[in-house]
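Participant: Have a peek at data15.csv (CSV, C-alpha atoms and all ligand atoms).
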```
chain,number,residue,atom,x,y,z
A,1,MET,CA,86.4,177.0,-20.2
A,2,ARG,CA,89.3,179.3,-19.6
A,3,LEU,CA,90.4,180.2,-16.1
A,4,LEU,CA,92.9,182.8,-14.8
A,5,LEU,CA,94.8,181.9,-11.7
A,6,VAL,CA,96.5,184.8,-9.8
A,7,GLU,CA,98.7,183.3,-7.1
A,8,ASP,CA,102.2,184.3,-6.0
A,9,GLU,CA,103.1,181.0,-4.3
A,10,LYS,CA,104.8,179.4,-7.2
A,11,ASN,CA,104.4,175.8,-6.1
A,12,LEU,CA,100.7,176.2,-5.3
A,13,ALA,CA,100.1,177.9,-8.6
A,14,GLU,CA,101.8,175.1,-10.5
A,15,ASN,CA,100.0,172.4,-8.7
A,16,LEU,CA,96.6,174.1,-9.1
A,17,LYS,CA,97.3,174.7,-12.8
A,18,LYS,CA,98.2,171.1,-13.3
A,19,GLY,CA,95.1,169.8,-11.5
A,20,LEU,CA,92.7,172.2,-13.2
A,21,THR,CA,94.2,171.4,-16.6
A,22,GLU,CA,93.6,167.7,-15.9
A,23,GLN,CA,90.0,168.6,-15.1
A,24,GLY,CA,89.8,170.0,-18.7
A,25,TYR,CA,90.1,173.7,-18.1
A,26,ALA,CA,92.5,176.0,-19.9
A,27,VAL,CA,94.5,177.8,-17.2
A,28,ASP,CA,96.6,181.0,-17.4
A,29,VAL,CA,98.7,181.8,-14.3
A,30,ALA,CA,99.8,185.3,-13.1
A,31,LEU,CA,102.4,185.3,-10.3
A,32,ASP,CA,101.7,188.9,-9.2
A,33,GLY,CA,98.8,191.3,-8.9
A,34,GLU,CA,99.9,193.6,-11.7
A,35,GLU,CA,100.1,190.9,-14.3
A,36,GLY,CA,96.9,189.4,-12.9
A,37,GLU,CA,94.9,192.6,-13.3
A,38,PHE,CA,96.3,193.1,-16.8
A,39,LEU,CA,95.3,189.6,-17.9
A,40,ALA,CA,91.9,189.8,-16.2
A,41,GLU,CA,91.2,193.0,-18.1
A,42,THR,CA,92.5,192.1,-21.5
A,43,GLU,CA,91.8,188.4,-21.9
A,44,ALA,CA,88.5,186.5,-22.0
A,45,TYR,CA,88.1,184.3,-18.9
A,46,ASP,CA,85.2,182.3,-17.7
A,47,LEU,CA,86.4,182.5,-14.1
A,48,ILE,CA,89.2,184.1,-12.1
A,49,ILE,CA,90.8,182.5,-9.1
A,50,LEU,CA,92.4,185.3,-7.1
A,51,ASP,CA,94.7,185.1,-4.2
A,52,LEU,CA,94.2,187.9,-1.7
A,53,MET,CA,97.8,188.7,-0.6
A,54,LEU,CA,99.8,189.4,-3.7
A,55,PRO,CA,102.8,191.4,-4.6
A,56,LYS,CA,102.3,194.8,-6.4
A,57,VAL,CA,98.5,194.8,-6.4
A,58,ASP,CA,96.4,192.8,-3.8
A,59,GLY,CA,93.5,190.7,-4.7
A,60,MET,CA,90.9,193.0,-3.2
A,61,ALA,CA,92.1,195.9,-5.3
A,62,ILE,CA,92.1,193.8,-8.5
A,63,CYS,CA,88.6,192.6,-7.8
A,64,LYS,CA,87.4,196.2,-7.3
A,65,ALA,CA,89.2,197.4,-10.4
A,66,ILE,CA,87.7,194.8,-12.7
A,67,ARG,CA,84.2,195.3,-11.3
A,68,GLU,CA,84.6,199.1,-11.8
A,69,LYS,CA,85.4,198.3,-15.4
A,70,GLY,CA,82.2,196.4,-15.8
A,71,LEU,CA,83.6,192.9,-15.9
A,72,SER,CA,81.2,190.4,-14.4
A,73,THR,CA,83.6,187.4,-14.6
A,74,PRO,CA,83.1,185.2,-11.5
A,75,VAL,CA,85.9,185.6,-8.9
A,76,LEU,CA,86.9,183.0,-6.4
A,77,MET,CA,89.1,184.6,-3.8
A,78,LEU,CA,91.8,182.6,-2.0
A,79,THR,CA,93.1,183.7,1.3
A,80,ALA,CA,95.1,182.6,4.3
A,81,LYS,CA,92.9,184.8,6.4
A,82,SER,CA,89.7,183.5,7.9
A,83,ARG,CA,88.6,186.5,9.8
A,84,ILE,CA,85.0,187.4,9.2
A,85,ASP,CA,85.9,191.1,8.4
A,86,ASP,CA,88.1,190.0,5.5
A,87,LYS,CA,85.3,187.9,4.1
A,88,ILE,CA,82.9,190.8,4.3
A,89,GLU,CA,85.4,193.1,2.6
A,90,GLY,CA,86.1,190.4,-0.1
A,91,PHE,CA,82.4,190.1,-1.0
A,92,THR,CA,82.0,193.9,-0.9
A,93,SER,CA,84.9,194.2,-3.4
A,94,GLY,CA,83.0,191.9,-5.8
A,95,ALA,CA,84.3,188.4,-5.1
A,96,ASP,CA,81.6,185.7,-5.7
A,97,ASP,CA,83.1,183.1,-3.4
A,98,TYR,CA,85.8,182.7,-0.8
A,99,LEU,CA,88.1,179.8,0.0
A,100,THR,CA,90.4,179.9,3.0
A,101,LYS,CA,93.9,178.4,2.8
A,102,PRO,CA,94.8,175.7,3.3
A,103,PHE,CA,92.1,174.0,1.3
A,104,SER,CA,91.7,170.7,-0.4
A,105,VAL,CA,91.8,170.6,-4.2
A,106,ALA,CA,88.5,168.7,-4.2
A,107,GLU,CA,87.0,171.7,-2.5
A,108,LEU,CA,88.5,174.1,-5.0
A,109,TYR,CA,87.2,172.0,-8.0
A,110,ALA,CA,83.7,172.0,-6.4
A,111,ARG,CA,83.7,175.8,-5.9
A,112,VAL,CA,85.0,176.3,-9.5
A,113,LYS,CA,82.3,174.1,-10.9
A,114,ALA,CA,79.6,175.8,-8.8
A,115,LEU,CA,80.7,179.3,-9.9
A,116,LEU,CA,80.8,178.3,-13.5
A,117,LYS,CA,77.3,176.8,-13.2
A,118,ARG,CA,76.0,180.0,-11.5
A,119,LYS,CA,77.6,182.1,-14.2
A,120,ASP,CA,75.0,181.2,-16.7
A,121,LYS,CA,71.8,180.7,-14.7
A,122,THR,CA,69.7,180.1,-17.8
A,123,GLU,CA,71.9,177.2,-18.8
A,124,LEU,CA,70.6,173.7,-18.3
A,125,ALA,CA,73.0,171.0,-17.2
A,126,MET,CA,71.7,168.8,-20.0
A,127,THR,CA,71.6,170.2,-23.5
A,128,GLU,CA,70.2,168.5,-26.6
A,129,VAL,CA,70.9,169.1,-30.2
A,130,ASP,CA,68.9,166.7,-32.3
A,131,ASP,CA,69.5,163.4,-30.5
A,132,LEU,CA,72.9,164.5,-29.2
A,133,ARG,CA,72.7,164.9,-25.4
A,134,ILE,CA,75.4,166.7,-23.5
A,135,ASP,CA,75.6,166.7,-19.8
A,136,LEU,CA,77.8,169.7,-19.0
A,137,PHE,CA,78.4,168.8,-15.4
A,138,LYS,CA,79.0,165.1,-15.7
A,139,HIS,CA,81.0,165.7,-18.9
A,140,GLU,CA,79.0,163.0,-20.6
A,141,VAL,CA,77.9,162.9,-24.2
A,142,PHE,CA,75.4,160.6,-25.9
A,143,ARG,CA,74.2,160.3,-29.5
A,144,GLY,CA,70.9,158.5,-29.2
A,145,PRO,CA,71.5,155.7,-26.8
A,146,THR,CA,75.2,155.5,-27.5
A,147,LYS,CA,77.7,157.1,-25.1
A,148,ILE,CA,80.5,159.0,-26.9
A,149,GLU,CA,83.9,159.1,-25.3
A,150,LEU,CA,85.6,162.5,-25.9
A,151,THR,CA,89.1,163.7,-24.8
A,152,PRO,CA,89.0,166.8,-22.4
A,153,LYS,CA,89.9,169.1,-25.3
A,154,GLU,CA,87.2,167.7,-27.6
A,155,PHE,CA,84.7,168.1,-24.8
A,156,SER,CA,85.7,171.7,-24.2
A,157,ILE,CA,85.3,172.4,-27.9
A,158,LEU,CA,81.9,170.8,-28.0
A,159,GLU,CA,80.9,172.6,-24.8
A,160,TYR,CA,81.8,176.0,-26.4
A,161,LEU,CA,79.9,175.1,-29.6
A,162,VAL,CA,76.9,174.1,-27.5
A,163,ARG,CA,76.9,177.4,-25.6
A,164,ASN,CA,76.8,179.1,-29.0
A,165,LYS,CA,74.3,176.7,-30.5
A,166,ASP,CA,73.2,177.7,-34.0
A,167,GLY,CA,75.7,180.5,-34.0
A,168,VAL,CA,79.1,180.6,-35.8
A,169,VAL,CA,82.2,180.2,-33.7
A,170,THR,CA,85.5,181.3,-35.1
A,171,ARG,CA,88.8,179.5,-34.7
A,172,THR,CA,90.0,182.5,-32.6
A,173,MET,CA,87.1,182.2,-30.3
A,174,LEU,CA,87.8,178.5,-29.8
A,175,LEU,CA,91.5,179.2,-29.3
A,176,ASP,CA,90.7,182.0,-26.7
A,177,HIS,CA,88.3,179.8,-24.7
A,178,VAL,CA,89.7,176.3,-24.9
A,179,TRP,CA,93.4,176.9,-24.8
A,180,SER,CA,95.5,178.9,-22.3
A,181,ALA,CA,97.6,181.9,-23.5
A,182,GLU,CA,100.8,180.0,-23.5
A,183,TYR,CA,99.5,177.8,-26.3
A,184,ALA,CA,101.8,178.7,-29.2
A,185,GLY,CA,101.1,175.9,-31.5
A,186,ASN,CA,99.4,175.9,-34.9
A,187,SER,CA,95.8,177.1,-35.0
A,188,ASN,CA,95.3,174.0,-37.2
A,189,ILE,CA,94.8,172.2,-33.9
A,190,VAL,CA,91.2,173.5,-33.9
A,191,ASP,CA,90.5,171.9,-37.3
A,192,VAL,CA,92.2,168.7,-36.2
A,193,LEU,CA,90.0,168.4,-33.1
A,194,ILE,CA,86.9,169.5,-34.9
A,195,GLY,CA,87.7,166.7,-37.3
A,196,THR,CA,87.9,164.0,-34.6
A,197,LEU,CA,84.9,165.5,-32.8
A,198,ARG,CA,82.9,165.3,-36.0
A,199,LYS,CA,83.9,161.6,-36.6
A,200,LYS,CA,82.7,160.7,-33.1
A,201,ILE,CA,79.4,162.7,-33.2
A,202,ASP,CA,78.2,162.7,-36.8
A,203,THR,CA,78.2,159.0,-37.4
A,204,ALA,CA,76.6,157.3,-40.4
A,205,GLY,CA,72.9,157.7,-40.7
A,206,LYS,CA,72.7,160.6,-38.2
A,207,VAL,CA,71.8,164.2,-38.8
A,208,LYS,CA,75.0,166.2,-39.4
A,209,LEU,CA,75.5,168.6,-36.5
A,210,VAL,CA,79.1,169.9,-36.8
A,211,HIS,CA,79.2,172.3,-39.7
A,212,THR,CA,82.1,174.1,-41.2
A,213,ILE,CA,81.3,177.7,-42.3
A,214,TYR,CA,83.9,178.3,-45.0
A,215,GLY,CA,86.3,181.1,-44.2
A,216,VAL,CA,84.7,181.8,-40.9
A,217,GLY,CA,84.6,178.9,-38.5
A,218,PHE,CA,82.2,176.3,-37.2
A,219,LYS,CA,78.6,175.8,-36.1
A,220,LEU,CA,76.8,173.2,-34.1
A,221,SER,CA,73.2,172.9,-35.4
A,222,ALA,CA,70.6,170.4,-36.4
A,223,LYS,CA,69.8,172.6,-39.3
A,224,ALA,CA,72.2,172.6,-42.3
B,301,CA,CA,99.8,185.1,-1.7
```
For this file, write the structure as structure tokens.
Ligand code: CA

Facilitator:
Amino acid sequence: MRLLLVEDEKNLAENLKKGLTEQGYAVDVALDGEEGEFLAETEAYDLIILDLMLPKVDGMAICKAIREKGLSTPVLMLTAKSRIDDKIEGFTSGADDYLTKPFSVAELYARVKALLKRKDKTELAMTEVDDLRIDLFKHEVFRGPTKIELTPKEFSILEYLVRNKDGVVTRTMLLDHVWSAEYAGNSNIVDVLIGTLRKKIDTAGKVKLVHTIYGVGFKLSAKA
């Protein structure tokens, strides 16, 4: 899951990015409204955390602009204001939820999780592929009765593969959704992590689930 955080308070932005990254999200940060709006409109995000008071373009204007362009990415608005009028205006501008500063990070994580869950209403918390069971909210994976321990990045890759079950996922799609924009490393990282994921999931005697589609990418499927 890739998030965009638009927040001009540098320390807050850094702390939130660190925390959210530890929770397994890929996070891009924009420190002003102009950059935030640009990234929101040009990159693929699963959620946008948007501060209201921002230099150059304020959060309300960004929210209106991206909704006018037809983007339905969930928006969590952050604001120091708690007046009811601002909340109403925020929701009118297209924000999905509101968090008033100061807030606890636990509260932010809970809102982020809830919004991501709401994003895809048809999605079940528990997904099965053959006897592989993935709990997307508890971040737990089982193959048969055996619990599989995955690193946050391995889980993010598996989660993206599961959301695109039986469909081909390219390396670029994985890089766009699992890593933040600042990742400048080799795209071989995808192959390396697919390799470790496969080792953990496709154990001896089990139906092979992680498939490499030569020259294209990968597929999670119980069918060959
Ligand atoms: Ca601000």

Participant: Would you mind listing the residues within 6 Å of ligand CA 301 (chain B), counting all atoms listed in the file, as a count of residues only?

Facilitator: 6

Participant: Pick out the residues sitting within 10 Å of Asn188 (chain A), and hand them over as a PyMOL selection string; count only C-alpha atoms, and ignore anything fewer than 5 positions along from it in its own chain.

Facilitator: chain A and resi 171+193-194

Participant: Out of A:Val190, A:Ile148, A:Leu16, A:Ile201, which residue has the shortest atom-to-atom distance to Thr172 (chain A) when counting only C-alpha atoms?

Facilitator: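 Closest to Thr172 (chain A) of all the choices is A:Val190.
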
Participant: As an exercise, work out the distance from CA of Gly217 (chain A) to CA of Val169 (chain A) in Å and give it to one decimal place.

Facilitator: 5.5 Å

Participant: Which value, in Å to one decimal, gives the distance between CA of Ala44 (chain A) and CA of Arg163 (chain A)?

Facilitator: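 Pair CA of Ala44 (chain A) / CA of Arg163 (chain A) returns 15.2 Å.
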
Participant: Quick one: everything within 8 Å of Asp28 (chain A), counting all atoms listed in the file, minus sequence neighbours fewer than 5 positions away in the same chain. Send it as a ChimeraX atom specification.

Facilitator: /A:2-5,17,180-182

Participant: CA of Val178 (chain A) and CA of Gly36 (chain A) are how many Å apart?

Facilitator: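 Calculated distance between CA of Val178 (chain A) and CA of Gly36 (chain A) is 19.2 Å.
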
Participant: So which one's closest to Val168 (chain A), A:Phe137, A:Phe218, A:Tyr183, A:Phe155? Using all atoms listed in the file, please.

Facilitator: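 Of A:Phe137, A:Phe218, A:Tyr183, A:Phe155, the one nearest Val168 (chain A) is A:Phe218, counting all atoms listed in the file.
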
Participant: Hey, which of A:Ile189, A:Val27, A:Met173, A:Leu76 ends up closest to Met60 (chain A)? Count only C-alpha atoms.

Facilitator: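 Using only C-alpha atoms, Met60 (chain A) sits closest to A:Leu76.
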
Participant: Let me make sure I understand: among A:Ile49, A:Val112, A:Ala222, A:Leu136, which one has the smallest atom-to-atom distance to Asp166 (chain A) if we use all atoms listed in the file?

Facilitator: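 Checking each candidate against Asp166 (chain A), we get A:Ala222 as the closest.
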
Participant: Measuring atom to atom with only C-alpha atoms, identify which of A:Tyr160, A:Leu47, A:Ala13, A:Gln23 is nearest to Lys138 (chain A).

Facilitator: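 Using only C-alpha atoms, the shortest distance to Lys138 (chain A) belongs to A:Gln23.
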
Participant: Identify which of the residues A:Ile157, A:Val192, A:Thr170, A:Lys69 lies closest to Ile213 (chain A), counting all atoms listed in the file when measuring atom-to-atom distances.

Facilitator: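 Under the stated criterion, the closest residue is A:Thr170.
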
Participant: Give me the residues near Glu35 (chain A) as an mmCIF file with C-alpha atoms, keeping the file's coordinate frame, where near means some atom within 10 Å (using all atoms listed in the file) and where sequence neighbours in that chain fewer than 6 positions away do not count.

Facilitator:
```
data_model
loop_
_atom_site.group_PDB
_atom_site.id
_atom_site.type_symbol
_atom_site.label_atom_id
_atom_site.label_comp_id
_atom_site.auth_asym_id
_atom_site.auth_seq_id
_atom_site.Cartn_x
_atom_site.Cartn_y
_atom_site.Cartn_z
ATOM 1 C CA VAL A 6 96.500 184.800 -9.800
ATOM 2 C CA VAL A 29 98.700 181.800 -14.300
ATOM 3 C CA GLU A 41 91.200 193.000 -18.100
ATOM 4 C CA LYS A 56 102.300 194.800 -6.400
ATOM 5 C CA VAL A 57 98.500 194.800 -6.400
#
```

Participant: Within 12 Å of (89.5, 198.7, -17.9) (coordinates as in the file), grab all the protein and nucleic acid residues, counting only C-alpha atoms, and write them out as a list in words.

Facilitator: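 Every polymer residue passing the test: Glu37, Phe38, Leu39, Ala40, Glu41, Thr42, Glu43, Ile62, Cys63, Lys64, Ala65, Ile66, Arg67, Glu68, Lys69, Gly70 and Leu71 of chain A.
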
Participant: Take the residues from that selection and put them in a file with C-alpha atoms, as an mmCIF file, keeping the file's coordinate frame.

Facilitator:
```cif
data_model
loop_
_atom_site.group_PDB
_atom_site.id
_atom_site.type_symbol
_atom_site.label_atom_id
_atom_site.label_comp_id
_atom_site.auth_asym_id
_atom_site.auth_seq_id
_atom_site.Cartn_x
_atom_site.Cartn_y
_atom_site.Cartn_z
ATOM 1 C CA GLU A 37 94.900 192.600 -13.300
ATOM 2 C CA PHE A 38 96.300 193.100 -16.800
ATOM 3 C CA LEU A 39 95.300 189.600 -17.900
ATOM 4 C CA ALA A 40 91.900 189.800 -16.200
ATOM 5 C CA GLU A 41 91.200 193.000 -18.100
ATOM 6 C CA THR A 42 92.500 192.100 -21.500
ATOM 7 C CA GLU A 43 91.800 188.400 -21.900
ATOM 8 C CA ILE A 62 92.100 193.800 -8.500
ATOM 9 C CA CYS A 63 88.600 192.600 -7.800
ATOM 10 C CA LYS A 64 87.400 196.200 -7.300
ATOM 11 C CA ALA A 65 89.200 197.400 -10.400
ATOM 12 C CA ILE A 66 87.700 194.800 -12.700
ATOM 13 C CA ARG A 67 84.200 195.300 -11.300
ATOM 14 C CA GLU A 68 84.600 199.100 -11.800
ATOM 15 C CA LYS A 69 85.400 198.300 -15.400
ATOM 16 C CA GLY A 70 82.200 196.400 -15.800
ATOM 17 C CA LEU A 71 83.600 192.900 -15.900
#
```

Participant: Output as a short mmCIF file (atom, residue, chain, number, x, y, z; two decimals), keeping the file's coordinate frame: region 67-78 of chain A, completed with all heavy atoms.

Facilitator:
```cif
data_model
loop_
_atom_site.label_atom_id
_atom_site.label_comp_id
_atom_site.auth_asym_id
_atom_site.auth_seq_id
_atom_site.Cartn_x
_atom_site.Cartn_y
_atom_site.Cartn_z
N ARG A 67 85.65 195.04 -11.44
CA ARG A 67 84.20 195.30 -11.30
C ARG A 67 83.88 196.73 -11.76
O ARG A 67 82.88 196.97 -12.41
CB ARG A 67 83.72 195.08 -9.89
CG ARG A 67 83.75 193.63 -9.44
CD ARG A 67 82.79 192.73 -10.23
NE ARG A 67 82.80 191.37 -9.73
CZ ARG A 67 83.25 190.31 -10.43
NH1 ARG A 67 83.72 190.48 -11.65
NH2 ARG A 67 83.23 189.11 -9.92
N GLU A 68 84.79 197.67 -11.41
CA GLU A 68 84.60 199.10 -11.80
C GLU A 68 84.62 199.21 -13.34
O GLU A 68 83.98 200.08 -13.91
CB GLU A 68 85.61 200.00 -11.17
CG GLU A 68 85.16 200.47 -9.80
CD GLU A 68 86.29 201.02 -8.95
OE1 GLU A 68 87.35 201.39 -9.52
OE2 GLU A 68 86.11 201.07 -7.71
N LYS A 69 85.37 198.31 -13.97
CA LYS A 69 85.40 198.30 -15.40
C LYS A 69 84.28 197.58 -16.07
O LYS A 69 84.22 197.43 -17.29
CB LYS A 69 86.78 197.78 -15.91
CG LYS A 69 87.94 198.71 -15.58
CD LYS A 69 89.18 198.38 -16.38
CE LYS A 69 90.20 199.50 -16.31
NZ LYS A 69 90.95 199.53 -15.04
N GLY A 70 83.38 197.07 -15.23
CA GLY A 70 82.20 196.40 -15.80
C GLY A 70 82.30 194.96 -16.08
O GLY A 70 81.40 194.37 -16.66
N LEU A 71 83.43 194.33 -15.68
CA LEU A 71 83.60 192.90 -15.90
C LEU A 71 82.84 192.09 -14.89
O LEU A 71 83.00 192.31 -13.69
CB LEU A 71 85.08 192.51 -15.91
CG LEU A 71 85.93 192.96 -17.09
CD1 LEU A 71 87.40 192.74 -16.77
CD2 LEU A 71 85.54 192.16 -18.34
N SER A 72 82.02 191.13 -15.34
CA SER A 72 81.20 190.40 -14.40
C SER A 72 81.78 188.94 -14.22
O SER A 72 81.13 188.08 -13.63
CB SER A 72 79.78 190.31 -14.83
OG SER A 72 79.72 189.73 -16.12
N THR A 73 82.98 188.69 -14.74
CA THR A 73 83.60 187.40 -14.60
C THR A 73 83.57 186.91 -13.15
O THR A 73 83.96 187.67 -12.26
CB THR A 73 85.10 187.44 -15.04
OG1 THR A 73 85.18 188.25 -16.21
CG2 THR A 73 85.66 186.07 -15.29
N PRO A 74 83.09 185.68 -12.87
CA PRO A 74 83.10 185.20 -11.50
C PRO A 74 84.48 185.19 -10.88
O PRO A 74 85.44 184.82 -11.56
CB PRO A 74 82.52 183.80 -11.57
CG PRO A 74 81.94 183.66 -12.92
CD PRO A 74 82.58 184.68 -13.80
N VAL A 75 84.58 185.60 -9.61
CA VAL A 75 85.90 185.60 -8.90
C VAL A 75 85.79 184.74 -7.67
O VAL A 75 84.90 184.89 -6.84
CB VAL A 75 86.26 187.05 -8.51
CG1 VAL A 75 87.47 187.05 -7.58
CG2 VAL A 75 86.56 187.90 -9.74
N LEU A 76 86.71 183.79 -7.60
CA LEU A 76 86.90 183.00 -6.40
C LEU A 76 88.12 183.47 -5.69
O LEU A 76 89.22 183.40 -6.23
CB LEU A 76 87.02 181.49 -6.78
CG LEU A 76 87.37 180.51 -5.67
CD1 LEU A 76 86.32 180.51 -4.56
CD2 LEU A 76 87.55 179.10 -6.22
N MET A 77 87.95 184.02 -4.49
CA MET A 77 89.10 184.60 -3.80
C MET A 77 89.71 183.55 -2.86
O MET A 77 89.02 182.83 -2.15
CB MET A 77 88.54 185.77 -2.91
CG MET A 77 89.60 186.67 -2.37
SD MET A 77 90.03 188.00 -3.53
CE MET A 77 88.87 189.27 -3.06
N LEU A 78 91.05 183.50 -2.91
CA LEU A 78 91.80 182.60 -2.00
C LEU A 78 92.48 183.41 -0.97
O LEU A 78 93.07 184.44 -1.26
CB LEU A 78 92.88 181.85 -2.82
CG LEU A 78 92.49 181.05 -4.05
CD1 LEU A 78 93.73 180.40 -4.65
CD2 LEU A 78 91.46 179.99 -3.70
#
```
